[in-house]
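Colleague: I am sharing coords38.txt, which consists of compact mmCIF, C-alpha atoms:
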# COMPACT_ATOMS: atom_id res chain seq x y z
CA MET A 1 16.70 50.79 47.18
CA VAL A 2 17.94 50.99 43.60
CA LYS A 3 21.11 49.24 44.67
CA LYS A 4 19.04 46.42 46.12
CA ILE A 5 16.98 46.05 42.94
CA VAL A 6 20.12 45.98 40.81
CA LYS A 7 21.67 43.45 43.14
CA PHE A 8 18.57 41.28 43.07
CA SER A 9 18.41 41.48 39.27
CA LEU A 10 22.02 40.40 39.02
CA TYR A 11 21.33 37.44 41.29
CA VAL A 12 18.35 36.47 39.10
CA LEU A 13 20.45 36.74 35.95
CA PHE A 14 23.18 34.67 37.56
CA PHE A 15 20.63 32.05 38.59
CA LEU A 16 19.12 31.91 35.06
CA ALA A 17 22.59 31.61 33.54
CA ALA A 18 23.39 28.79 35.98
CA VAL A 19 20.13 27.02 35.10
CA LEU A 20 20.89 27.40 31.40
CA PHE A 21 24.36 26.02 31.93
CA PHE A 22 23.28 23.03 34.02
CA ILE A 23 20.03 22.20 32.29
CA PRO A 24 20.32 18.74 30.66
CA LYS A 25 20.19 19.98 27.06
CA VAL A 26 21.06 16.62 25.55
CA SER A 27 18.17 14.99 27.44
CA LEU A 28 15.84 17.77 26.30
CA TYR A 29 17.00 17.10 22.75
CA TYR A 30 16.18 13.40 23.22
CA LEU A 31 12.72 14.43 24.40
CA ALA A 32 12.29 16.54 21.26
CA GLU A 33 13.38 13.53 19.18
CA LYS A 34 10.71 11.39 20.82
CA GLU A 35 8.09 14.04 20.02
CA LEU A 36 9.26 14.17 16.40
CA LYS A 37 9.05 10.39 16.20
CA LYS A 38 5.27 10.72 16.67
CA TYR A 39 5.21 12.48 13.30
CA ASP A 40 7.43 9.80 11.70
CA VAL A 41 10.43 12.14 11.70
CA VAL A 42 13.66 10.61 12.97
CA VAL A 43 17.01 12.33 13.31
CA SER A 44 19.59 9.61 13.22
CA ASN A 45 23.35 8.95 13.39
CA GLU A 46 23.94 12.44 14.80
CA ARG A 47 26.60 13.53 17.30
CA VAL A 48 25.13 15.63 20.11
CA ASP A 49 27.37 17.89 22.23
CA ASP A 50 26.37 20.01 25.19
CA ARG A 51 28.52 23.12 24.84
CA GLY A 52 27.58 24.85 28.05
CA PHE A 53 25.04 27.41 26.95
CA THR A 54 24.33 25.93 23.54
CA LEU A 55 23.70 22.51 22.06
CA SER A 56 25.49 21.35 18.95
CA ILE A 57 24.34 18.53 16.69
CA ASN A 58 26.58 17.32 13.89
CA SER A 59 26.23 14.99 10.92
CA ALA A 60 22.54 14.29 11.31
CA ASN A 61 20.49 12.27 8.88
CA VAL A 62 16.81 13.15 8.82
CA TYR A 63 14.31 10.43 7.94
CA VAL A 64 10.65 11.06 7.23
CA LYS A 65 8.52 7.92 7.30
CA SER A 66 11.78 5.93 7.30
CA ILE A 67 12.87 7.55 4.04
CA LYS A 68 16.14 9.42 4.15
CA SER A 69 15.13 12.99 3.44
CA ALA A 70 18.10 15.15 4.33
CA ASN A 71 21.61 15.24 5.66
CA ILE A 72 22.55 18.13 7.94
CA VAL A 73 26.17 18.95 8.66
CA GLU A 74 25.63 21.17 11.69
CA ILE A 75 22.79 22.33 13.93
CA ASN A 76 23.38 24.82 16.71
CA ILE A 77 20.59 25.34 19.27
CA LYS A 78 20.64 28.40 21.51
CA PRO A 79 18.07 28.05 24.30
CA PHE A 80 18.49 31.42 25.99
CA LEU A 81 14.91 31.59 27.33
CA LEU A 82 14.36 35.20 26.32
CA TYR A 83 15.89 34.57 22.92
CA ASN A 84 15.94 31.13 21.35
CA GLY A 85 17.55 30.29 18.07
CA VAL A 86 18.37 27.34 15.87
CA ASN A 87 21.09 27.69 13.25
CA VAL A 88 21.34 24.95 10.69
CA LYS A 89 24.22 24.77 8.23
CA ASN A 90 24.70 22.77 5.05
CA ILE A 91 21.53 20.81 4.49
CA THR A 92 21.48 18.39 1.58
CA LEU A 93 18.07 17.12 0.67
CA ALA A 94 17.61 13.55 -0.57
CA ASP A 95 17.62 12.85 -4.30
CA THR A 96 13.92 12.12 -4.18
CA ALA A 97 13.30 15.86 -3.77
CA LYS A 98 15.37 16.94 -6.76
CA SER A 99 12.31 17.15 -9.00
CA PHE A 100 10.83 19.77 -6.72
CA VAL A 101 13.68 21.90 -5.36
CA PRO A 102 17.47 22.23 -5.61
CA LEU A 103 19.05 19.98 -3.03
CA LYS A 104 21.58 22.24 -1.28
CA ILE A 105 20.58 24.62 1.50
CA GLU A 106 23.50 26.59 2.90
CA GLN A 107 21.86 27.82 6.05
CA LEU A 108 18.61 28.01 7.91
CA ASN A 109 18.08 30.24 10.93
CA ILE A 110 15.01 29.95 13.14
CA GLU A 111 14.39 32.50 15.90
CA TYR A 112 11.90 32.86 18.71
CA SER A 113 12.05 35.65 21.21
CA LEU A 114 9.92 36.48 24.21
CA PHE A 115 10.03 40.08 23.03
CA ASN A 116 8.01 38.91 19.98
CA PRO A 117 6.15 36.00 21.54
CA LEU A 118 3.45 35.57 18.91
CA ASN A 119 5.78 35.05 15.97
CA ILE A 120 8.47 32.61 14.97
CA THR A 121 10.72 33.87 12.23
CA ALA A 122 13.14 32.02 9.99
CA ASN A 123 15.27 32.62 6.97
CA ALA A 124 17.09 30.28 4.65
CA LYS A 125 19.62 30.59 1.87
CA GLY A 126 20.56 27.99 -0.67
CA GLU A 127 20.59 26.97 -4.30
CA PHE A 128 16.89 27.79 -4.43
CA GLY A 129 17.52 31.45 -3.54
CA GLU A 130 16.61 33.25 -0.34
CA LEU A 131 13.60 32.53 1.79
CA GLU A 132 11.97 34.45 4.64
CA ILE A 133 9.48 32.58 6.79
CA SER A 134 7.20 33.81 9.53
CA VAL A 135 4.79 31.78 11.60
CA GLN A 136 2.01 33.46 13.55
CA VAL A 137 1.71 31.18 16.55
CA VAL A 138 -1.87 31.95 17.57
CA GLU A 139 -3.38 32.00 14.06
CA ARG A 140 -1.10 29.11 13.01
CA ARG A 141 -0.49 31.00 9.80
CA VAL A 142 2.68 30.41 7.79
CA HIS A 143 3.94 33.08 5.40
CA LEU A 144 6.81 32.43 3.00
CA GLU A 145 8.60 34.96 0.83
CA LEU A 146 10.99 33.56 -1.74
CA GLN A 147 13.50 35.37 -3.87
CA PRO A 148 14.28 32.57 -6.32
CA SER A 149 17.74 31.93 -7.73
CA LYS A 150 18.40 31.68 -11.48
CA LEU A 151 18.52 27.89 -11.10
CA MET A 152 15.14 27.88 -9.41
CA LEU A 153 13.63 30.09 -12.10
CA LYS A 154 15.13 28.01 -14.88
CA SER A 155 14.51 24.46 -13.69
CA TYR A 156 11.79 24.51 -11.07
CA GLN A 157 8.92 26.40 -12.62
CA ASN A 158 6.54 23.61 -11.58
CA THR A 159 7.32 24.31 -7.93
CA LEU A 160 7.13 28.08 -8.39
CA ARG A 161 3.67 27.72 -9.91
CA GLN A 162 2.49 26.65 -6.46
CA LEU A 163 3.47 30.08 -5.14
CA LYS A 164 2.05 33.50 -5.83
CA LYS A 165 4.23 35.87 -7.81
CA THR A 166 4.81 39.35 -6.42
CA GLU A 167 5.56 42.59 -8.19
CA ASN A 168 9.22 42.61 -7.18
CA GLY A 169 9.90 39.24 -8.85
CA GLY A 170 9.57 37.29 -5.64
CA TYR A 171 7.08 34.62 -4.70
CA VAL A 172 4.88 34.30 -1.62
CA TYR A 173 3.01 31.41 -0.09
CA ASP A 174 0.49 31.53 2.74
CA LYS A 175 -0.99 28.60 4.56
CA VAL A 176 -2.97 28.11 7.75
CA LEU A 177 -1.87 24.96 9.54
CA MET B 1 42.10 38.01 54.28
CA THR B 2 40.33 39.03 57.44
CA LYS B 3 38.55 41.74 55.52
CA PHE B 4 37.46 39.21 52.86
CA SER B 5 36.11 36.68 55.33
CA ASN B 6 34.16 39.25 57.22
CA GLY B 7 33.03 41.37 54.39
CA VAL B 8 30.38 41.58 51.73
CA TYR B 9 32.35 39.33 49.39
CA LEU B 10 31.87 36.22 51.50
CA SER B 11 28.17 36.89 51.78
CA THR B 12 27.86 37.42 48.02
CA LEU B 13 29.96 34.36 47.24
CA THR B 14 27.83 32.24 49.55
CA LYS B 15 24.64 33.45 47.88
CA LEU B 16 26.05 32.73 44.44
CA LEU B 17 27.10 29.25 45.54
CA VAL B 18 23.63 28.60 46.91
CA LEU B 19 22.12 29.75 43.61
CA LEU B 20 24.48 27.43 41.73
CA VAL B 21 23.51 24.51 43.94
CA VAL B 22 19.81 25.25 43.49
CA ALA B 23 20.27 25.52 39.70
CA LYS B 24 22.17 22.25 39.63
CA ALA B 25 19.55 20.55 41.81
CA LEU B 26 16.82 21.77 39.49
CA SER B 27 18.66 20.42 36.45
CA LEU B 28 19.19 17.07 38.20
CA VAL B 29 15.47 16.80 38.96
CA LEU B 30 14.71 17.64 35.34
CA TRP B 31 17.34 15.18 34.14
CA ALA B 32 15.71 12.40 36.17
CA TYR B 33 12.44 12.87 34.30
CA LEU B 34 13.86 13.28 30.80
CA PRO B 35 14.74 10.41 28.45
CA SER B 36 18.30 9.18 28.70
CA GLU B 37 18.64 8.19 25.07
CA GLY B 38 17.46 9.49 21.75
CA VAL B 39 15.67 7.94 18.84
CA GLU B 40 17.66 6.15 16.17
CA LEU B 41 16.27 4.77 12.99
CA SER B 42 16.17 1.01 13.22
CA ILE B 43 15.74 -0.88 10.01
CA LYS B 44 15.33 -4.61 10.23
CA GLN B 45 17.85 -6.03 7.83
CA ASN B 46 15.85 -9.10 6.96
CA TYR B 47 17.48 -10.67 3.97
CA GLN B 48 15.02 -11.29 1.25
CA PRO B 49 16.27 -12.86 -1.95
CA PRO B 50 15.84 -10.76 -5.06
CA TYR B 51 12.82 -11.59 -7.14
CA GLN B 52 13.52 -13.95 -10.01
CA ARG B 53 10.86 -15.36 -12.20
CA VAL B 54 11.55 -18.93 -13.18
CA ASP B 55 8.89 -20.68 -15.20
CA PHE B 56 9.20 -24.11 -13.63
CA LYS B 57 5.84 -25.17 -15.00
CA ASN B 58 6.98 -24.63 -18.58
CA MET B 59 10.19 -26.52 -17.89
CA ILE B 60 8.25 -29.46 -16.53
CA LEU B 61 5.49 -29.29 -19.09
CA THR B 62 7.88 -29.36 -22.04
CA THR B 63 9.11 -32.78 -21.03
CA LYS B 64 5.57 -33.92 -20.37
CA VAL B 65 4.50 -32.93 -23.86
CA VAL B 66 7.03 -35.31 -25.34
CA LYS B 67 5.64 -37.99 -23.11
CA VAL B 68 2.08 -37.20 -24.09
CA LYS B 69 2.71 -37.80 -27.74
CA GLN B 70 3.74 -41.36 -27.00
CA GLU B 71 0.78 -42.08 -24.77
CA LYS B 72 -2.32 -43.81 -26.04
CA SER B 73 -5.60 -43.74 -24.28
CA ILE B 74 -7.25 -46.98 -23.23
CA THR B 75 -10.56 -45.78 -24.59
CA GLY B 76 -9.11 -45.18 -28.04
CA ILE B 77 -9.18 -41.37 -27.69
CA ASN B 78 -5.75 -40.04 -27.01
CA ILE B 79 -4.83 -36.51 -26.11
CA THR B 80 -3.56 -35.78 -29.62
CA ASN B 81 -7.06 -36.36 -30.98
CA MET B 82 -8.41 -33.51 -28.88
CA LEU B 83 -8.75 -29.89 -29.90
CA LEU B 84 -8.50 -27.17 -27.31
CA LYS B 85 -10.71 -24.47 -28.78
CA GLY B 86 -10.81 -22.07 -25.88
CA LEU B 87 -9.94 -21.66 -22.24
CA TYR B 88 -10.72 -19.42 -19.34
CA GLY B 89 -9.42 -19.61 -15.81
CA ASN B 90 -6.37 -20.58 -13.83
CA SER B 91 -5.07 -23.43 -11.70
CA SER B 92 -7.96 -23.20 -9.25
CA LYS B 93 -11.01 -22.32 -11.34
CA GLY B 94 -12.25 -21.99 -14.92
CA PHE B 95 -13.38 -24.02 -17.89
CA VAL B 96 -12.18 -25.07 -21.33
CA ILE B 97 -13.87 -25.69 -24.67
CA LEU B 98 -12.89 -29.04 -26.16
CA ALA B 99 -13.68 -30.94 -29.29
CA LEU B 100 -12.38 -34.03 -31.07
CA LYS B 101 -10.42 -33.57 -34.24
CA SER B 102 -12.77 -36.00 -35.93
CA SER B 103 -15.76 -33.75 -35.18
CA PRO B 104 -14.37 -30.26 -34.53
CA LYS B 105 -17.77 -28.56 -34.62
CA LYS B 106 -19.09 -30.63 -31.72
CA SER B 107 -17.71 -28.76 -28.71
CA SER B 108 -17.89 -29.63 -25.05
CA ILE B 109 -17.39 -27.29 -22.11
CA ILE B 110 -15.40 -28.93 -19.34
CA GLY B 111 -14.99 -27.36 -15.92
CA LEU B 112 -11.94 -27.75 -13.74
CA GLY B 113 -12.00 -31.19 -12.13
CA GLU B 114 -14.42 -32.60 -14.69
CA ASP B 115 -13.76 -35.51 -17.08
CA PHE B 116 -13.56 -35.63 -20.83
CA SER B 117 -13.16 -39.10 -22.29
CA GLY B 118 -11.45 -40.24 -19.12
CA PHE B 119 -9.14 -37.24 -18.92
CA THR B 120 -9.64 -35.09 -15.80
CA LEU B 121 -9.06 -31.37 -16.24
CA GLN B 122 -6.43 -30.52 -13.64
CA SER B 123 -5.42 -26.91 -14.30
CA ILE B 124 -5.56 -24.12 -16.84
CA SER B 125 -2.70 -21.87 -17.84
CA SER B 126 -2.73 -19.08 -20.39
CA ARG B 127 -2.23 -21.20 -23.53
CA SER B 128 -2.57 -24.79 -22.43
CA VAL B 129 -4.42 -27.06 -20.07
CA LEU B 130 -3.30 -29.97 -17.96
CA PHE B 131 -5.22 -33.24 -17.89
CA VAL B 132 -4.65 -36.21 -15.63
CA LYS B 133 -5.45 -39.76 -16.51
CA ALA B 134 -4.40 -42.87 -14.60
CA GLY B 135 -1.97 -40.83 -12.57
CA LYS B 136 -0.25 -39.43 -15.64
CA GLU B 137 -0.30 -35.83 -16.74
CA TYR B 138 -1.12 -34.69 -20.25
CA VAL B 139 -0.79 -31.21 -21.68
CA LEU B 140 -3.05 -29.95 -24.41
CA GLU B 141 -2.09 -26.73 -26.11
CA LEU B 142 -4.40 -24.20 -27.62
CA GLU B 143 -4.28 -25.29 -31.31
CA GLU B 144 -5.76 -22.06 -32.64
CA VAL B 145 -2.84 -20.08 -31.32
CA LYS B 146 -0.73 -21.49 -34.14
CA ASN B 147 -3.33 -21.48 -36.87
CA LYS B 148 -5.63 -18.47 -36.55
CA LYS B 149 -4.11 -15.05 -36.08
CA SER B 150 -7.41 -13.34 -35.33
CA TYR B 151 -8.15 -15.87 -32.65
CA VAL B 152 -4.73 -15.39 -31.15
CA LYS B 153 -5.37 -11.70 -30.95
CA ARG B 154 -8.66 -12.21 -29.20
CA VAL B 155 -7.22 -14.65 -26.73
CA LYS B 156 -4.26 -12.41 -26.03
CA LYS B 157 -6.54 -9.51 -25.38
CA ARG B 158 -8.61 -11.55 -23.00
CA VAL B 159 -5.52 -12.82 -21.28
CA SER B 160 -4.18 -9.33 -20.80
CA VAL B 161 -7.44 -8.21 -19.25
CA THR B 162 -7.53 -11.13 -16.90
CA ALA B 163 -3.78 -11.21 -16.54
CA VAL B 164 -4.14 -9.23 -13.39
CA SER B 165 -5.42 -12.23 -11.62
CA THR B 166 -4.97 -15.24 -13.78
CA SER B 167 -2.13 -15.15 -16.24
CA ASP B 168 1.09 -16.96 -15.61
CA GLU B 169 2.72 -15.00 -18.41
CA PRO B 170 4.27 -11.69 -17.48
CA ASN B 171 2.89 -8.59 -19.21
CA SER B 172 5.14 -5.77 -20.19
CA VAL B 173 5.47 -2.23 -18.97
CA SER B 174 7.38 0.46 -20.79
CA ARG B 175 10.58 1.75 -19.26
CA LYS B 176 9.70 5.06 -20.93
CA ASP B 177 6.61 5.33 -18.73
CA ILE B 178 8.76 4.76 -15.67
CA ALA B 179 11.28 7.33 -16.87
CA SER B 180 8.53 9.87 -17.48
CA TYR B 181 7.28 9.33 -13.94
CA ALA B 182 10.82 9.84 -12.65
CA LYS B 183 11.06 13.15 -14.53
CA ASN B 184 7.67 14.32 -13.42
CA PRO B 185 6.84 12.71 -10.07
CA LYS B 186 3.71 14.81 -9.68
CA GLN B 187 2.22 12.79 -12.51
CA ILE B 188 2.38 9.75 -10.23
CA TRP B 189 0.10 11.43 -7.73
CA ARG B 190 -2.21 12.60 -10.53
CA ASP B 191 -2.49 9.01 -11.73
CA ILE B 192 -2.66 7.22 -8.41
CA SER B 193 -3.36 7.94 -4.79
CA ILE B 194 -2.12 5.48 -2.21
CA ARG B 195 -2.22 5.46 1.55
CA GLU B 196 -0.58 3.19 4.06
CA VAL B 197 -2.62 0.50 5.77
CA LYS B 198 -1.71 -0.01 9.39
CA GLN B 199 -2.38 -2.83 11.81
CA ASN B 200 -1.37 -2.34 15.43
CA GLY B 201 0.51 0.78 14.40
CA LYS B 202 2.61 -1.01 11.81
CA ILE B 203 2.35 -0.59 8.06
CA THR B 204 1.11 -3.77 6.39
CA GLY B 205 0.66 -2.43 2.86
CA PHE B 206 -0.48 0.46 0.72
CA ARG B 207 -4.09 0.87 -0.35
CA VAL B 208 -4.90 2.27 -3.80
CA ASN B 209 -7.49 4.95 -3.05
CA ARG B 210 -7.72 6.38 -6.55
CA ILE B 211 -6.33 5.45 -9.93
CA ALA B 212 -6.71 7.38 -13.18
CA LYS B 213 -8.25 5.40 -16.02
CA ASN B 214 -5.95 4.72 -18.99
CA SER B 215 -2.91 5.81 -17.00
CA PRO B 216 0.19 3.59 -17.06
CA MET B 217 -0.64 2.76 -13.46
CA ALA B 218 -4.07 1.48 -14.46
CA GLN B 219 -2.50 -0.49 -17.28
CA LEU B 220 -0.40 -2.25 -14.68
CA GLY B 221 -3.62 -3.82 -13.54
CA LEU B 222 -3.90 -2.02 -10.24
CA GLN B 223 -7.43 -1.26 -9.16
CA LYS B 224 -9.02 1.02 -6.63
CA GLY B 225 -9.17 -0.76 -3.29
CA ASP B 226 -6.15 -2.99 -3.94
CA ILE B 227 -3.72 -3.22 -1.07
CA ILE B 228 -0.17 -3.58 -2.35
CA ILE B 229 1.58 -5.81 0.14
CA ARG B 230 4.69 -7.04 -1.61
CA ALA B 231 6.85 -6.09 -4.55
CA ASN B 232 9.70 -8.18 -5.91
CA ASN B 233 9.60 -10.39 -2.85
CA ILE B 234 9.95 -7.45 -0.49
CA GLU B 235 7.26 -6.90 2.10
CA LEU B 236 6.16 -3.28 1.96
CA LYS B 237 6.25 -2.32 5.62
CA SER B 238 7.40 1.26 5.21
CA TYR B 239 7.57 4.06 2.66
CA ARG B 240 11.27 3.35 2.57
CA ASP B 241 10.64 -0.20 1.25
CA ALA B 242 8.46 1.18 -1.52
CA LEU B 243 10.93 3.88 -2.42
CA ASN B 244 13.85 1.43 -2.48
CA ILE B 245 12.14 -0.57 -5.20
CA TYR B 246 11.45 2.55 -7.21
CA ALA B 247 15.08 3.62 -6.81
CA LYS B 248 16.26 0.29 -8.28
CA ILE B 249 13.76 0.27 -11.13
CA ASP B 250 16.50 0.98 -13.70
CA LYS B 251 18.33 -2.18 -12.70
CA ILE B 252 15.50 -4.66 -12.80
CA ASP B 253 13.83 -6.30 -15.75
CA THR B 254 10.85 -7.83 -14.02
CA ILE B 255 8.55 -6.46 -11.40
CA GLN B 256 6.20 -8.57 -9.36
CA ILE B 257 3.49 -6.93 -7.31
CA VAL B 258 1.34 -8.83 -4.85
CA VAL B 259 -1.93 -7.16 -3.95
CA MET B 260 -4.78 -8.05 -1.64
CA ARG B 261 -7.97 -7.85 -3.68
CA ASN B 262 -11.27 -8.99 -2.22
CA ASN B 263 -9.31 -10.54 0.67
CA GLN B 264 -7.31 -12.69 -1.73
CA GLU B 265 -3.69 -12.34 -2.66
CA GLN B 266 -3.13 -11.75 -6.36
CA GLU B 267 0.15 -11.53 -8.18
CA LEU B 268 0.84 -9.10 -11.00
CA VAL B 269 4.00 -9.73 -12.98
CA TYR B 270 5.46 -7.36 -15.56
CA GLU B 271 8.51 -7.32 -17.72
CA ILE B 272 10.05 -3.89 -18.03
CA ASN B 273 10.93 -3.26 -21.67
Please rewrite the model in this file as structure tokens.
Modeller:
Amino acid sequence: MVKKIVKFSLYVLFFLAAVLFFIPKVSLYYLAEKELKKYDVVVSNERVDDRGFTLSINSANVYVKSIKSANIVEINIKPFLLYNGVNVKNITLADTAKSFVPLKIEQLNIEYSLFNPLNITANAKGEFGELEISVQVVERRVHLELQPSKLMLKSYQNTLRQLKKTENGGYVYDKVL
Amino acid sequence: MTKFSNGVYLSTLTKLLVLLVVAKALSLVLWAYLPSEGVELSIKQNYQPPYQRVDFKNMILTTKVVKVKQEKSITGINITNMLLKGLYGNSSKGFVILALKSSPKKSSIIGLGEDFSGFTLQSISSRSVLFVKAGKEYVLELEEVKNKKSYVKRVKKRVSVTAVSTSDEPNSVSRKDIASYAKNPKQIWRDISIREVKQNGKITGFRVNRIAKNSPMAQLGLQKGDIIIRANNIELKSYRDALNIYAKIDKIDTIQIVVMRNNQEQELVYEIN
């Protein structure tokens, strides 16, 4: 009996892996782009590669309301059903944002797992410092925790004033979407 | 080989192959319903010549003035005998205050299109008026501009207030104000609130929803309710268009803004000093 269950589980895993491998990830990405377009967000000039189990997007320019807002060197999407992740590397924000935040973001990782289905977590690291983000899906609550860099503390006090200072020198921001 | 073909392996391999085929079939069905191409930013590269302000009227009027001085009126009153004491309006509406040099205290108010000693008032600019008589054009300048400083000041003030809608002369805006906005962009949003105006899903301009009194933005002549539709000859059909102009602000000396106010287009022109 146990042998049968194990065998069946292996078949299921094999089937899921096959689905993940064959699923048209590029087309799904195009669908996501069309959804983003509804919010005036366009990812343009990017190179999209289906790498079997993951999807890689390189050299993407992000436009918000037709204004160039960021350049992203690499995005890696891992749609593993039980665990889904997006890794973004080397984001350069447009000059228009330089009054608010430093422009270079080294990496941004977004994770969603079925083992923690009610939360999306993310973290980012860049010239601004280190940022931890959590989104409570049901309550639509966003919580940000920032450990600002020296540059951020020195030159972007106006932005930091929008956040709440914590005892450990960090800053938090909460918003319900 | 015999063992393989008859054994568990073949059965397992067949099942795996079936699972692969089913997975592939599923992905093909999904693929058929998903979009086959992504979204790319398309910007219409309509060439629009850069804005240049050329005062053709002045160029033409200068030559006319020379002509005027040689002209004599049939009735005995020529244009040089007239005094232009005041003016209000533009090329399409307004009035002027006229008198004869022989009796300067006896003033007459002449509306646009009306006659004064055979001269028909054709148009009004900021410091002069244009008369037509017998098919010829005559320009009469505001005499007080040269003679009375206090009067000049008053006229200038009035012109700057009405400049928003009537003046042909560009006003000036400080480059320092622009630089201070660049350093502190939040100040822009404290001073002004704009929102796009859409028709059939396309942006046709930007409506001024709020503007702080005495702010540099208000001094530009913008008013609440104005819809900014064009700047320096560029139709504002996206945030990108608006931002492009702001990005080039260091390189331009004149800015022209066309707004819709009370369903009429009005042009605001500023020199950046």
Colleague: Using all atoms listed in the file, I'd like every residue of chain A that has an atom within 6 Å of chain B; please write them out as a PyMOL selection string.
Modeller: chain A and resi 15+18-19+22-24+27+30+44+66-67
Colleague: Could you work out how far CA of Lys237 (chain B) lies from CA of Glu265 (chain B), giving the answer in Å with one decimal?
Modeller: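 Atom-to-atom, CA of Glu265 (chain B) and CA of Lys237 (chain B) are spaced 16.4 Å apart.
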Colleague: Just give me the gap between CA of Ile120 (chain A) and CA of Val135 (chain A) in Å, one decimal is fine.
Modeller: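 Between CA of Ile120 (chain A) and CA of Val135 (chain A) the gap is 5.1 Å.
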Colleague: At what distance in Å, to one decimal, does CA of Tyr9 (chain B) lie from CA of Tyr11 (chain A)?
Modeller: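 Pair CA of Tyr11 (chain A) / CA of Tyr9 (chain B) returns 13.8 Å.
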Colleague: Between A:Ala97, A:Val43, A:Leu82, A:Leu31, single out the one closest to Asn116 (chain A), counting only C-alpha atoms.
Modeller: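 Using only C-alpha atoms, the shortest distance to Asn116 (chain A) belongs to A:Leu82.
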Colleague: Using all atoms listed in the file, I'd like a table of the residues in region 86-159 of chain A that come within 12 Å of region 50-55 of chain A; for each, show the closest atom pair and its distance in Å rounded to one decimal, ordered by chain and ascending number, as a tab-separated table.
Modeller:
residue	atom	partner	partner_atom	distance
A:Val86	CA	A:Leu55	CA	9.5
A:Asn87	CA	A:Leu55	CA	10.5
A:Val88	CA	A:Leu55	CA	11.9
Colleague: Mind completing region 19-34 of chain A with N, CA and C atoms? Output as a compact mmCIF listing (two decimals), keeping the file's coordinate frame, please?
Modeller:
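Below you can see result-v2.txt, which holds the result:
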# COMPACT_ATOMS: atom_id res chain seq x y z
N VAL A 19 21.13 28.01 35.55
CA VAL A 19 20.13 27.02 35.10
C VAL A 19 20.39 26.64 33.65
N LEU A 20 20.62 27.67 32.82
CA LEU A 20 20.89 27.40 31.40
C LEU A 20 22.13 26.52 31.22
N PHE A 21 23.11 26.79 32.05
CA PHE A 21 24.36 26.02 31.93
C PHE A 21 24.16 24.56 32.36
N PHE A 22 23.42 24.39 33.47
CA PHE A 22 23.28 23.03 34.02
C PHE A 22 22.14 22.22 33.41
N ILE A 23 21.22 22.92 32.78
CA ILE A 23 20.03 22.20 32.29
C ILE A 23 20.47 21.06 31.35
N PRO A 24 19.88 19.88 31.48
CA PRO A 24 20.32 18.74 30.66
C PRO A 24 19.85 18.90 29.21
N LYS A 25 20.60 19.64 28.44
CA LYS A 25 20.19 19.98 27.06
C LYS A 25 20.13 18.75 26.16
N VAL A 26 21.06 17.83 26.39
CA VAL A 26 21.06 16.62 25.55
C VAL A 26 19.78 15.82 25.81
N SER A 27 19.40 15.72 27.11
CA SER A 27 18.17 14.99 27.44
C SER A 27 16.94 15.68 26.87
N LEU A 28 16.96 17.02 26.90
CA LEU A 28 15.84 17.77 26.30
C LEU A 28 15.78 17.51 24.80
N TYR A 29 16.95 17.40 24.19
CA TYR A 29 17.00 17.10 22.75
C TYR A 29 16.41 15.70 22.49
N TYR A 30 16.75 14.75 23.37
CA TYR A 30 16.18 13.40 23.22
C TYR A 30 14.65 13.43 23.33
N LEU A 31 14.17 14.29 24.25
CA LEU A 31 12.72 14.43 24.40
C LEU A 31 12.10 14.99 23.11
N ALA A 32 12.78 15.97 22.54
CA ALA A 32 12.29 16.54 21.26
C ALA A 32 12.28 15.48 20.17
N GLU A 33 13.32 14.62 20.18
CA GLU A 33 13.38 13.53 19.18
C GLU A 33 12.19 12.59 19.33
N LYS A 34 11.85 12.30 20.59
CA LYS A 34 10.71 11.39 20.82
C LYS A 34 9.40 12.03 20.34
